[in-house]
file final05.cif (mmCIF, C-alpha atoms and all ligand atoms)
data_structure
loop_
_atom_site.label_atom_id
_atom_site.label_comp_id
_atom_site.auth_asym_id
_atom_site.auth_seq_id
_atom_site.Cartn_x
_atom_site.Cartn_y
_atom_site.Cartn_z
CA ASP A 10 6.14 1.77 30.76
CA GLY A 11 8.44 4.21 29.03
CA SER A 12 11.60 2.10 29.46
CA GLU A 13 10.45 -0.44 26.87
CA LEU A 14 10.04 2.42 24.47
CA SER A 15 13.59 3.71 24.89
CA GLU A 16 15.01 0.36 23.79
CA ILE A 17 12.84 0.54 20.68
CA GLU A 18 13.83 4.15 20.13
CA ASN A 19 17.49 3.15 20.19
CA TYR A 20 16.86 0.41 17.66
CA VAL A 21 15.01 2.78 15.34
CA ARG A 22 17.71 5.44 15.60
CA ALA A 23 20.51 2.97 14.99
CA ASN A 24 18.83 2.00 11.74
CA GLN A 25 18.37 5.50 10.36
CA LYS A 26 19.89 6.22 6.97
CA GLU A 27 21.04 9.27 5.10
CA VAL A 28 18.45 10.94 2.92
CA ASN A 29 18.83 11.26 -0.82
CA ASP A 30 19.75 14.92 -1.31
CA GLU A 31 18.56 14.99 -4.90
CA LEU A 32 15.02 13.95 -4.07
CA TYR A 33 14.56 15.31 -0.57
CA GLY A 34 11.89 18.01 -0.70
CA LEU A 35 11.23 17.44 -4.40
CA ALA A 36 7.47 17.66 -3.79
CA LYS A 37 7.50 20.17 -0.97
CA GLY A 38 4.08 21.75 -0.43
CA LYS A 39 2.39 19.67 -3.13
CA ASN A 40 -0.97 17.96 -2.72
CA VAL A 41 -0.69 14.25 -2.04
CA ILE A 42 -3.04 11.83 -3.74
CA LEU A 43 -2.75 8.38 -2.26
CA ILE A 44 -4.62 5.60 -4.02
CA SER A 45 -5.22 2.15 -2.56
CA LEU A 46 -5.60 -0.37 -5.36
CA GLU A 47 -7.89 -3.08 -4.10
CA SER A 48 -6.43 -6.60 -4.36
CA THR A 49 -3.96 -5.55 -7.03
CA GLN A 50 -0.89 -7.76 -7.26
CA SER A 51 2.21 -7.02 -9.31
CA PHE A 52 1.84 -10.05 -11.52
CA VAL A 53 -0.76 -8.26 -13.66
CA ILE A 54 1.57 -5.36 -14.53
CA ASN A 55 2.93 -5.47 -18.07
CA LYS A 56 1.20 -8.79 -18.65
CA THR A 57 -1.47 -9.90 -21.11
CA VAL A 58 -4.46 -12.23 -21.17
CA ASN A 59 -5.99 -13.30 -24.45
CA GLY A 60 -3.31 -11.20 -26.12
CA GLU A 61 -4.47 -7.99 -24.42
CA GLU A 62 -2.73 -5.90 -21.82
CA ILE A 63 -4.43 -6.25 -18.44
CA THR A 64 -3.47 -2.77 -17.21
CA PRO A 65 -2.82 -0.62 -20.30
CA PHE A 66 -3.12 2.63 -18.38
CA LEU A 67 -0.86 1.67 -15.49
CA ASN A 68 1.72 0.25 -17.88
CA GLN A 69 2.00 3.69 -19.49
CA PHE A 70 1.75 5.62 -16.24
CA ILE A 71 4.61 3.59 -14.77
CA LYS A 72 6.90 4.80 -17.54
CA ASP A 73 6.57 8.33 -16.15
CA SER A 74 6.74 7.26 -12.51
CA TYR A 75 9.02 5.68 -9.97
CA TYR A 76 7.84 2.11 -10.12
CA PHE A 77 8.90 -0.33 -7.42
CA ASN A 78 8.68 -3.85 -8.76
CA ASN A 79 9.96 -5.64 -5.64
CA PHE A 80 7.49 -4.13 -3.23
CA TYR A 81 5.65 -6.51 -0.88
CA HIS A 82 2.40 -6.08 1.01
CA GLN A 83 2.79 -6.77 4.73
CA THR A 84 -0.83 -7.14 5.74
CA GLY A 85 -2.40 -9.71 8.04
CA GLN A 86 -6.02 -10.47 8.86
CA GLY A 87 -6.94 -6.78 8.75
CA LYS A 88 -6.59 -6.75 4.94
CA THR A 89 -7.28 -3.24 3.53
CA SER A 90 -7.28 -1.72 7.00
CA ASP A 91 -3.88 -3.26 7.75
CA SER A 92 -2.47 -1.75 4.59
CA GLU A 93 -3.79 1.66 5.63
CA PHE A 94 -2.25 1.17 9.05
CA ILE A 95 1.18 0.19 7.75
CA ILE A 96 1.35 2.87 5.11
CA GLU A 97 0.43 5.71 7.44
CA ASN A 98 2.27 4.63 10.59
CA SER A 99 5.26 2.72 9.26
CA LEU A 100 4.50 0.10 11.89
CA TYR A 101 3.62 -3.56 11.30
CA PRO A 102 0.03 -4.72 11.65
CA LEU A 103 -0.78 -7.35 14.27
CA GLY A 104 -0.28 -11.09 13.92
CA ARG A 105 -3.93 -11.70 14.78
CA GLY A 106 -6.98 -9.54 14.31
CA ALA A 107 -7.11 -6.08 12.83
CA VAL A 108 -5.37 -3.27 14.68
CA PHE A 109 -8.10 -0.94 13.32
CA PHE A 110 -10.51 -2.81 15.58
CA THR A 111 -8.38 -3.90 18.49
CA HIS A 112 -6.27 -0.77 19.09
CA ALA A 113 -8.17 2.12 17.58
CA GLN A 114 -7.90 4.23 20.74
CA ASN A 115 -4.10 4.08 20.94
CA GLU A 116 -1.85 7.06 20.56
CA TYR A 117 -0.38 7.17 17.05
CA LYS A 118 1.67 9.61 15.06
CA ALA A 119 0.33 8.88 11.61
CA THR A 120 0.87 10.70 8.32
CA PRO A 121 -2.47 12.58 8.46
CA GLU A 122 -1.57 13.98 11.88
CA ILE A 123 1.95 14.94 10.81
CA LEU A 124 0.71 16.63 7.65
CA THR A 125 -2.08 18.41 9.50
CA GLU A 126 0.64 19.93 11.70
CA LYS A 127 2.36 21.07 8.51
CA GLY A 128 -0.74 22.88 7.32
CA TYR A 129 -2.25 20.18 5.13
CA TYR A 130 -5.93 19.37 4.85
CA THR A 131 -6.25 15.61 5.35
CA ALA A 132 -9.08 13.41 4.13
CA SER A 133 -9.86 9.80 3.35
CA LEU A 134 -12.37 9.02 0.60
CA HIS A 135 -14.02 5.62 0.42
CA ALA A 136 -17.57 4.89 -0.65
CA ASN A 137 -18.37 2.29 1.96
CA ASN A 138 -20.16 2.41 5.29
CA LYS A 139 -18.04 4.54 7.61
CA SER A 140 -17.87 1.95 10.35
CA PHE A 141 -16.48 -0.76 8.08
CA TRP A 142 -13.11 -1.79 9.55
CA ASN A 143 -13.91 0.68 12.34
CA ARG A 144 -12.59 3.43 10.11
CA ASP A 145 -14.72 6.19 11.60
CA ILE A 146 -13.06 5.64 14.99
CA MET A 147 -9.56 4.84 13.77
CA TYR A 148 -9.37 7.80 11.41
CA ASP A 149 -9.67 10.14 14.39
CA SER A 150 -6.69 8.43 15.97
CA LEU A 151 -4.73 8.72 12.74
CA GLY A 152 -5.45 12.43 12.63
CA TYR A 153 -7.77 12.69 9.64
CA GLN A 154 -9.75 15.87 9.44
CA ARG A 155 -12.43 14.45 7.20
CA PHE A 156 -13.80 11.10 6.05
CA TYR A 157 -15.90 11.08 2.89
CA ASP A 158 -17.74 7.80 3.40
CA SER A 159 -20.66 6.34 1.43
CA ASP A 160 -23.00 9.04 2.78
CA GLU A 161 -21.06 11.57 0.69
CA TYR A 162 -21.65 9.68 -2.55
CA LYS A 163 -24.68 8.96 -4.67
CA VAL A 164 -24.87 5.20 -4.69
CA SER A 165 -27.53 3.39 -6.68
CA GLU A 166 -28.18 0.06 -8.33
CA GLY A 167 -27.04 1.59 -11.61
CA ASN A 168 -23.59 2.70 -10.46
CA SER A 169 -22.79 -0.21 -8.19
CA ILE A 170 -20.83 -3.38 -8.80
CA ASN A 171 -19.89 -6.11 -6.41
CA TRP A 172 -19.29 -4.45 -3.00
CA GLY A 173 -20.81 -1.08 -3.84
CA LEU A 174 -20.17 2.12 -5.75
CA ASN A 175 -18.04 1.30 -8.79
CA ASP A 176 -14.58 2.83 -9.06
CA LYS A 177 -15.45 4.97 -12.08
CA SER A 178 -18.36 6.65 -10.29
CA PHE A 179 -16.30 6.85 -7.11
CA PHE A 180 -13.52 8.81 -8.78
CA LYS A 181 -15.98 10.90 -10.82
CA GLN A 182 -17.89 11.98 -7.74
CA SER A 183 -14.68 12.49 -5.77
CA ILE A 184 -13.59 15.29 -8.08
CA SER A 185 -16.16 17.65 -6.59
CA HIS A 186 -14.99 16.76 -3.07
CA LEU A 187 -11.41 17.44 -4.10
CA LYS A 188 -12.25 20.74 -5.71
CA ARG A 189 -13.64 21.98 -2.41
CA MET A 190 -10.65 20.96 -0.32
CA PRO A 191 -8.23 23.57 0.96
CA GLU A 192 -4.77 23.10 -0.54
CA PRO A 193 -2.38 21.59 0.03
CA PHE A 194 -4.35 18.45 0.76
CA TYR A 195 -3.48 14.87 1.56
CA ALA A 196 -6.29 12.75 0.14
CA LYS A 197 -6.50 8.98 0.30
CA PHE A 198 -8.72 7.13 -2.17
CA ILE A 199 -9.67 3.54 -1.47
CA THR A 200 -10.88 1.68 -4.53
CA LEU A 201 -13.29 -1.24 -4.24
CA THR A 202 -14.40 -2.78 -7.53
CA ASN A 203 -11.50 -5.21 -7.80
CA HIS A 204 -12.58 -7.08 -4.69
CA PHE A 205 -13.27 -10.76 -4.27
CA PRO A 206 -15.35 -12.36 -5.85
CA PHE A 207 -14.46 -10.01 -8.77
CA THR A 208 -17.89 -9.73 -10.31
CA LEU A 209 -18.58 -7.22 -13.05
CA LYS A 210 -21.59 -6.36 -15.19
CA GLU A 211 -21.38 -7.52 -18.76
CA GLU A 212 -21.51 -3.93 -20.06
CA ASP A 213 -18.60 -2.86 -17.83
CA ARG A 214 -16.34 -5.59 -19.11
CA THR A 215 -13.66 -4.59 -21.62
CA LEU A 216 -11.41 -7.61 -21.17
CA GLU A 217 -12.50 -11.20 -21.63
CA PRO A 218 -12.09 -13.46 -18.60
CA TYR A 219 -9.20 -15.89 -18.46
CA ASP A 220 -9.80 -19.56 -19.04
CA SER A 221 -8.78 -21.85 -16.19
CA ASN A 222 -10.38 -23.99 -13.50
CA SER A 223 -10.59 -20.98 -11.17
CA LYS A 224 -13.58 -18.74 -11.72
CA THR A 225 -11.99 -16.31 -9.26
CA LEU A 226 -8.78 -15.91 -11.25
CA ASN A 227 -10.69 -15.82 -14.54
CA GLN A 228 -12.84 -12.93 -13.34
CA TYR A 229 -9.97 -11.12 -11.64
CA PHE A 230 -8.44 -9.82 -14.86
CA PRO A 231 -11.54 -7.98 -16.14
CA THR A 232 -12.04 -6.26 -12.76
CA VAL A 233 -8.37 -5.26 -12.60
CA ARG A 234 -8.82 -3.79 -16.08
CA TYR A 235 -11.94 -1.94 -14.91
CA THR A 236 -10.00 -0.21 -12.12
CA ASP A 237 -7.18 0.55 -14.55
CA GLU A 238 -9.71 2.42 -16.71
CA ALA A 239 -11.14 4.19 -13.67
CA LEU A 240 -7.63 5.44 -12.86
CA GLU A 241 -7.12 6.69 -16.39
CA GLN A 242 -10.40 8.60 -16.18
CA PHE A 243 -9.43 10.03 -12.78
CA ILE A 244 -6.03 11.31 -13.90
CA GLY A 245 -7.68 12.86 -16.97
CA ASP A 246 -10.29 14.58 -14.79
CA LEU A 247 -7.61 15.86 -12.44
CA LYS A 248 -5.75 17.35 -15.40
CA ARG A 249 -8.92 19.02 -16.71
CA ASN A 250 -9.59 20.45 -13.26
CA ARG A 251 -6.01 21.68 -12.77
CA LEU A 252 -5.50 19.41 -9.81
CA TYR A 253 -2.81 17.31 -11.47
CA GLU A 254 0.20 19.60 -11.76
CA ASP A 255 0.39 20.51 -8.10
CA SER A 256 -0.06 16.98 -6.82
CA ILE A 257 2.07 13.92 -6.32
CA PHE A 258 0.60 10.45 -6.58
CA VAL A 259 1.26 7.35 -4.57
CA LEU A 260 -0.53 4.24 -5.82
CA TYR A 261 -0.17 0.92 -4.03
CA GLY A 262 -1.75 -2.52 -3.99
CA ASP A 263 -3.33 -3.18 -0.59
CA HIS A 264 -2.89 -6.98 -0.40
CA TYR A 265 -3.20 -10.12 -2.52
CA GLY A 266 -6.41 -10.79 -4.43
CA ILE A 267 -5.80 -14.38 -5.43
CA SER A 268 -5.30 -16.75 -2.53
CA GLU A 269 -3.38 -20.01 -2.51
CA ASN A 270 -6.66 -21.84 -3.11
CA HIS A 271 -6.17 -20.95 -6.77
CA ASN A 272 -2.63 -22.21 -7.11
CA SER A 273 -3.21 -24.55 -10.01
CA ALA A 274 -4.88 -21.83 -12.10
CA MET A 275 -2.15 -19.36 -11.11
CA SER A 276 0.49 -21.84 -12.05
CA GLN A 277 -1.17 -22.21 -15.45
CA PHE A 278 -1.21 -18.43 -15.91
CA LEU A 279 2.37 -17.88 -14.79
CA GLY A 280 3.67 -20.96 -16.58
CA LYS A 281 5.56 -22.19 -13.54
CA GLU A 282 5.16 -24.35 -10.50
CA LEU A 283 3.99 -22.54 -7.36
CA THR A 284 6.60 -23.37 -4.76
CA PRO A 285 6.56 -21.63 -1.34
CA PHE A 286 9.18 -19.31 -2.85
CA GLU A 287 6.84 -18.32 -5.69
CA SER A 288 3.94 -17.89 -3.28
CA ILE A 289 5.93 -15.26 -1.43
CA GLN A 290 6.97 -13.60 -4.69
CA LEU A 291 3.26 -13.35 -5.47
CA GLN A 292 2.85 -11.14 -2.41
CA ARG A 293 4.38 -8.33 -4.41
CA VAL A 294 2.00 -5.47 -5.10
CA PRO A 295 2.64 -2.39 -7.21
CA LEU A 296 4.03 0.78 -5.70
CA ILE A 297 3.94 3.72 -8.07
CA ILE A 298 5.13 7.18 -7.09
CA HIS A 299 4.30 9.74 -9.72
CA VAL A 300 5.66 13.26 -9.57
CA PRO A 301 4.38 15.31 -12.54
CA GLY A 302 7.27 16.51 -14.66
CA GLN A 303 9.68 13.98 -13.21
CA LYS A 304 11.19 11.25 -15.37
CA GLY A 305 10.20 7.66 -14.66
CA LYS A 306 12.38 4.87 -13.34
CA THR A 307 11.83 1.27 -12.35
CA ILE A 308 13.42 0.55 -8.98
CA SER A 309 14.03 -3.03 -7.90
CA THR A 310 15.00 -2.42 -4.30
CA VAL A 311 13.39 -4.96 -1.98
CA SER A 312 10.76 -2.99 -0.11
CA GLY A 313 7.46 -3.13 1.71
CA GLN A 314 4.43 -1.05 2.62
CA ILE A 315 6.20 0.02 5.79
CA ASP A 316 8.61 2.06 3.65
CA VAL A 317 5.97 4.30 2.09
CA ARG A 318 5.71 6.76 4.98
CA PRO A 319 9.39 7.77 5.26
CA THR A 320 9.69 7.85 1.47
CA LEU A 321 6.71 10.17 1.12
CA LEU A 322 7.71 12.44 4.00
CA HIS A 323 11.18 12.92 2.53
CA LEU A 324 9.76 13.77 -0.88
CA LEU A 325 7.70 16.42 0.89
CA GLY A 326 10.81 17.68 2.65
CA ILE A 327 9.65 16.58 6.09
CA GLU A 328 12.25 15.17 8.44
CA ASN A 329 11.26 11.89 10.07
CA ASP A 330 14.14 11.48 12.53
CA ASP A 331 11.84 12.06 15.43
CA TYR A 332 9.22 9.48 14.57
CA ILE A 333 9.19 5.89 15.73
CA GLU A 334 8.92 3.96 12.50
CA PHE A 335 10.31 0.78 10.99
CA GLY A 336 10.31 1.70 7.32
CA LYS A 337 13.13 3.20 5.25
CA ASP A 338 13.18 5.90 2.63
CA LEU A 339 13.25 3.94 -0.62
CA PHE A 340 15.29 6.64 -2.30
CA SER A 341 18.06 6.51 0.26
CA GLU A 342 21.25 5.16 -1.29
CA GLU A 343 21.91 3.29 1.94
CA LYS A 344 18.57 1.52 2.19
CA LEU A 345 19.03 -1.98 3.58
CA GLU A 346 17.20 -4.43 1.36
CA PHE A 347 15.23 -6.31 3.94
CA THR A 348 11.47 -6.72 4.10
CA VAL A 349 9.59 -8.70 6.73
CA LEU A 350 6.12 -10.01 6.07
CA ARG A 351 3.61 -10.40 8.83
CA ASP A 352 4.01 -14.18 8.95
CA SER A 353 7.77 -13.68 9.62
CA SER A 354 8.79 -14.62 6.10
CA PHE A 355 11.40 -12.16 4.89
CA ILE A 356 13.13 -11.08 1.73
CA THR A 357 16.61 -9.66 1.32
CA LYS A 358 18.62 -8.70 -1.73
CA ASP A 359 19.87 -12.26 -2.19
CA TYR A 360 17.59 -14.49 -0.15
CA LEU A 361 14.00 -15.22 0.61
CA TYR A 362 13.02 -17.02 3.79
CA THR A 363 9.69 -18.71 4.32
CA MET A 364 8.32 -21.81 6.07
CA ASP A 365 11.68 -22.64 7.65
CA THR A 366 13.45 -22.68 4.32
CA CYS A 367 16.02 -20.30 2.89
CA TYR A 368 15.81 -19.74 -0.88
CA GLU A 369 18.22 -18.11 -3.27
CA LYS A 370 16.49 -15.06 -4.66
CA ASN A 371 17.50 -15.27 -8.28
CA THR A 372 17.07 -19.02 -8.77
CA GLY A 373 14.32 -19.82 -6.26
CA ALA A 374 16.33 -22.84 -5.19
CA ALA A 375 16.36 -23.95 -1.56
CA THR A 376 19.74 -23.35 0.04
CA ALA A 377 21.51 -23.82 3.37
CA LYS A 378 19.67 -22.15 6.22
CA ASP A 379 22.88 -20.40 7.36
CA SER A 380 22.56 -17.90 4.55
CA CYS A 381 19.35 -16.56 6.07
CA GLU A 382 20.41 -17.01 9.66
CA LYS A 383 21.68 -13.51 10.34
CA TYR A 384 18.37 -11.94 9.37
CA LEU A 385 16.15 -14.34 11.30
CA GLU A 386 16.68 -12.57 14.58
CA LYS A 387 16.22 -9.12 13.04
CA ALA A 388 12.93 -10.15 11.44
CA LYS A 389 11.57 -11.37 14.78
CA GLN A 390 12.93 -8.29 16.53
CA GLU A 391 11.15 -5.85 14.23
CA LEU A 392 7.80 -7.56 14.51
CA ASP A 393 8.22 -7.88 18.23
CA TYR A 394 9.09 -4.22 18.75
CA SER A 395 6.19 -3.12 16.60
CA ASP A 396 3.80 -5.42 18.50
CA LYS A 397 5.06 -4.04 21.80
CA ILE A 398 4.28 -0.52 20.66
CA ILE A 399 0.74 -1.46 19.74
CA TYR A 400 -0.11 -3.82 22.61
CA GLY A 401 1.42 -1.47 25.19
CA ASP A 402 0.17 1.73 23.54
CA LEU A 403 3.76 2.89 23.93
CA LEU A 404 3.58 5.95 21.73
CA ARG A 405 1.68 7.69 24.50
CA PHE A 406 4.99 7.83 26.38
CA TYR A 407 6.90 9.22 23.44
CA GLU A 408 8.18 12.72 23.74
CA GLN A 409 9.35 14.20 20.51
CA PRO A 410 12.86 15.55 21.06
C1 LIG B 501 -13.96 -2.27 2.45
C2 LIG B 501 -12.73 -2.38 1.66
C3 LIG B 501 -12.38 -3.80 1.35
O1 LIG B 501 -14.24 -1.00 2.89
O2 LIG B 501 -11.70 -1.70 2.28
O3 LIG B 501 -11.93 -4.44 2.49
P1 LIG B 501 -11.06 -5.77 2.43
O4 LIG B 501 -12.03 -6.92 2.49
O5 LIG B 501 -10.26 -5.80 1.19
O6 LIG B 501 -10.21 -5.69 3.66
MN MN B 502 -8.70 -4.78 0.29
#

call {"tool": "encode", "arguments": {"input": "final05.cif", "output": "structure tokens"}}
result
Amino acid sequence: DGSELSEIENYVRANQKEVNDELYGLAKGKNVILISLESTQSFVINKTVNGEEITPFLNQFIKDSYYFNNFYHQTGQGKTSDSEFIIENSLYPLGRGAVFFTHAQNEYKATPEILTEKGYYTASLHANNKSFWNRDIMYDSLGYQRFYDSDEYKVSEGNSINWGLNDKSFFKQSISHLKRMPEPFYAKFITLTNHFPFTLKEEDRTLEPYDSNSKTLNQYFPTVRYTDEALEQFIGDLKRNRLYEDSIFVLYGDHYGISENHNSAMSQFLGKELTPFESIQLQRVPLIIHVPGQKGKTISTVSGQIDVRPTLLHLLGIENDDYIEFGKDLFSEEKLEFTVLRDSSFITKDYLYTMDTCYEKNTGAATAKDSCEKYLEKAKQELDYSDKIIYGDLLRFYEQP
């Protein structure tokens, strides 16, 4: 009933932080272009294979953006759909199954709904079958006005790779959808080419594969590069179509691409042993917030996908005090550095906790468990509160003050 919710409400309120006055409302009224980077992990950023940059475009783009280099994905079994859920609700995904399937009929207060109320046109663009991950149903609950699924794209043998329409054609064809949208719009683009098993046609390959005992890791770099080029083309097209200046961009990696099955190849690439500590550090994915005309900055605050919603809303000058959410505005000076992953591992400014072991952040050395002790309870609490909201469909009892 509603009483469970009031306890959660109190917790959320007690954790609220002051906004950053300098950045609050910086992008008020602008279009929002959200881009999900399939399977893109942070370890490829500013790195080379065979002497070549893996992501030359992103490496440049980051220089003119807020780049968060300690940003972790928090997804579970729902993979891409979990990342969408976290980013637009600032709630955790579930410990088992995909909330997109299991709780699609719940009451939510997601970003698309909030922005629709503020006069935005809201759309998700993804060239896959609309029912994949139950998106067609869930998007209604999240408040999307429009879903451009594979039926809205010309998909053929010639422009497909791996799972379907290639990212370059996807972005190319999306321009005409964007041009027809009422402004301001909130448009989410979900890329697909850099998806396991990372296959690419010979003629689309501009980076040679890596050389290790993992075919998966070897092929990963050329597909990451492919998406990097698709992004470059997209930004260029947006500029040519005058859709760039009045937009802000939020790019994020949805989840890991290289699983622990490839640890020995990964260890070869990174040049270090893959301890449980390093495995958690590999769960970092890029978060890039680009505001045209704004100077870039790399921000090392410990953060997670759950923080995207409040950060974005504040940039748009939208108060979030009245929403039940677990994330924090990453620009707030008071942001507590504390990120919980779905498996209950957590990361703080100084420590990283996983598999019953507390590690020192800057050395990666195991340390006394006491150091992590005070966060253990909080980590469980957050996941538990979020689960309660979803399993009990508690937001249906929520009355906005
Ligand atoms: C499918 C795409 C990929 O539409 O979102 O899904 P994933 O397997 O990464 O969850
Ligand atoms: Mn994915």

call {"tool": "residues_near_ligand", "arguments": {"input": "final05.cif", "ligand": "ligand LIG 501 (chain B)", "cutoff": "8 Å", "atoms": "all atoms listed in the file", "output": "PyMOL selection string"}}
result
chain A and resi 47-48+87-91+135-138+141-142+172+199-201+204-205+263-264

call {"tool": "atom_distance", "arguments": {"input": "final05.cif", "atom1": "atom CA of Phe207 of chain A", "atom2": "atom CA of Ile257 of chain A"}}
result
29.2 Å

call {"tool": "atom_distance", "arguments": {"input": "final05.cif", "atom1": "atom CA of Met190 of chain A", "atom2": "atom CA of Gly128 of chain A"}}
result
12.7 Å

call {"tool": "closest_residue", "arguments": {"input": "final05.cif", "among": "A:Leu174, A:Thr284, A:Glu408, A:Leu46", "to": "Ala375 of chain A", "atoms": "all atoms listed in the file"}}
result
A:Thr284

call {"tool": "closest_residue", "arguments": {"input": "final05.cif", "among": "A:Gly85, A:Pro193, A:Gly305, A:Gly38", "to": "Gln69 of chain A", "atoms": "only C-alpha atoms"}}
result
A:Gly305

call {"tool": "closest_residue", "arguments": {"input": "final05.cif", "among": "A:Asn68, A:Asn203, A:Ser276, A:Thr310", "to": "ligand MN 502 (chain B)", "atoms": "all atoms listed in the file"}}
result
A:Asn203

call {"tool": "atom_distance", "arguments": {"input": "final05.cif", "atom1": "atom CA of Pro231 of chain A", "atom2": "atom CA of Gly245 of chain A"}}
result
21.2 Å

call {"tool": "build_atoms", "arguments": {"input": "final05.cif", "residues": "segment 202-208 of chain A", "atoms": "all heavy atoms", "output": "PDB file, keeping the file's coordinate frame"}}
result
ATOM      1  N   THR A 202     -13.806  -1.865  -6.546  1.00  0.00           N
ATOM      2  CA  THR A 202     -14.400  -2.780  -7.530  1.00  0.00           C
ATOM      3  C   THR A 202     -13.619  -4.088  -7.667  1.00  0.00           C
ATOM      4  O   THR A 202     -14.202  -5.164  -7.780  1.00  0.00           O
ATOM      5  CB  THR A 202     -14.530  -2.091  -8.899  1.00  0.00           C
ATOM      6  OG1 THR A 202     -15.314  -0.902  -8.731  1.00  0.00           O
ATOM      7  CG2 THR A 202     -15.219  -3.003  -9.904  1.00  0.00           C
ATOM      8  N   ASN A 203     -12.302  -3.987  -7.626  1.00  0.00           N
ATOM      9  CA  ASN A 203     -11.500  -5.210  -7.800  1.00  0.00           C
ATOM     10  C   ASN A 203     -11.395  -5.987  -6.483  1.00  0.00           C
ATOM     11  O   ASN A 203     -10.321  -6.239  -5.970  1.00  0.00           O
ATOM     12  CB  ASN A 203     -10.111  -4.840  -8.312  1.00  0.00           C
ATOM     13  CG  ASN A 203      -9.284  -6.062  -8.648  1.00  0.00           C
ATOM     14  OD1 ASN A 203      -9.776  -7.007  -9.281  1.00  0.00           O
ATOM     15  ND2 ASN A 203      -8.035  -6.078  -8.221  1.00  0.00           N
ATOM     16  N   HIS A 204     -12.530  -6.345  -5.960  1.00  0.00           N
ATOM     17  CA  HIS A 204     -12.580  -7.080  -4.690  1.00  0.00           C
ATOM     18  C   HIS A 204     -13.164  -8.454  -4.928  1.00  0.00           C
ATOM     19  O   HIS A 204     -14.066  -8.616  -5.747  1.00  0.00           O
ATOM     20  CB  HIS A 204     -13.443  -6.293  -3.681  1.00  0.00           C
ATOM     21  CG  HIS A 204     -13.314  -6.775  -2.272  1.00  0.00           C
ATOM     22  ND1 HIS A 204     -13.829  -7.974  -1.836  1.00  0.00           N
ATOM     23  CD2 HIS A 204     -12.713  -6.209  -1.196  1.00  0.00           C
ATOM     24  CE1 HIS A 204     -13.553  -8.129  -0.550  1.00  0.00           C
ATOM     25  NE2 HIS A 204     -12.880  -7.070  -0.135  1.00  0.00           N
ATOM     26  N   PHE A 205     -12.669  -9.442  -4.226  1.00  0.00           N
ATOM     27  CA  PHE A 205     -13.270 -10.760  -4.270  1.00  0.00           C
ATOM     28  C   PHE A 205     -14.783 -10.641  -4.109  1.00  0.00           C
ATOM     29  O   PHE A 205     -15.216  -9.853  -3.277  1.00  0.00           O
ATOM     30  CB  PHE A 205     -12.682 -11.617  -3.121  1.00  0.00           C
ATOM     31  CG  PHE A 205     -13.179 -13.021  -3.104  1.00  0.00           C
ATOM     32  CD1 PHE A 205     -12.597 -13.982  -3.902  1.00  0.00           C
ATOM     33  CD2 PHE A 205     -14.271 -13.371  -2.303  1.00  0.00           C
ATOM     34  CE1 PHE A 205     -13.074 -15.281  -3.897  1.00  0.00           C
ATOM     35  CE2 PHE A 205     -14.752 -14.668  -2.306  1.00  0.00           C
ATOM     36  CZ  PHE A 205     -14.157 -15.624  -3.100  1.00  0.00           C
ATOM     37  N   PRO A 206     -15.629 -11.317  -4.848  1.00  0.00           N
ATOM     38  CA  PRO A 206     -15.350 -12.360  -5.850  1.00  0.00           C
ATOM     39  C   PRO A 206     -15.183 -11.834  -7.293  1.00  0.00           C
ATOM     40  O   PRO A 206     -15.363 -12.589  -8.227  1.00  0.00           O
ATOM     41  CB  PRO A 206     -16.581 -13.251  -5.743  1.00  0.00           C
ATOM     42  CG  PRO A 206     -17.688 -12.313  -5.364  1.00  0.00           C
ATOM     43  CD  PRO A 206     -17.060 -11.208  -4.545  1.00  0.00           C
ATOM     44  N   PHE A 207     -14.807 -10.562  -7.451  1.00  0.00           N
ATOM     45  CA  PHE A 207     -14.460 -10.010  -8.770  1.00  0.00           C
ATOM     46  C   PHE A 207     -15.581 -10.133  -9.799  1.00  0.00           C
ATOM     47  O   PHE A 207     -15.382 -10.575 -10.923  1.00  0.00           O
ATOM     48  CB  PHE A 207     -13.168 -10.661  -9.296  1.00  0.00           C
ATOM     49  CG  PHE A 207     -12.077 -10.673  -8.262  1.00  0.00           C
ATOM     50  CD1 PHE A 207     -11.643 -11.868  -7.691  1.00  0.00           C
ATOM     51  CD2 PHE A 207     -11.501  -9.490  -7.828  1.00  0.00           C
ATOM     52  CE1 PHE A 207     -10.655 -11.868  -6.699  1.00  0.00           C
ATOM     53  CE2 PHE A 207     -10.517  -9.478  -6.833  1.00  0.00           C
ATOM     54  CZ  PHE A 207     -10.090 -10.682  -6.274  1.00  0.00           C
ATOM     55  N   THR A 208     -16.780  -9.722  -9.360  1.00  0.00           N
ATOM     56  CA  THR A 208     -17.890  -9.730 -10.310  1.00  0.00           C
ATOM     57  C   THR A 208     -17.977  -8.387 -11.018  1.00  0.00           C
ATOM     58  O   THR A 208     -17.554  -7.355 -10.480  1.00  0.00           O
ATOM     59  CB  THR A 208     -19.224 -10.002  -9.585  1.00  0.00           C
ATOM     60  OG1 THR A 208     -19.321  -9.118  -8.471  1.00  0.00           O
ATOM     61  CG2 THR A 208     -19.306 -11.431  -9.100  1.00  0.00           C
TER      62      THR A 208
END
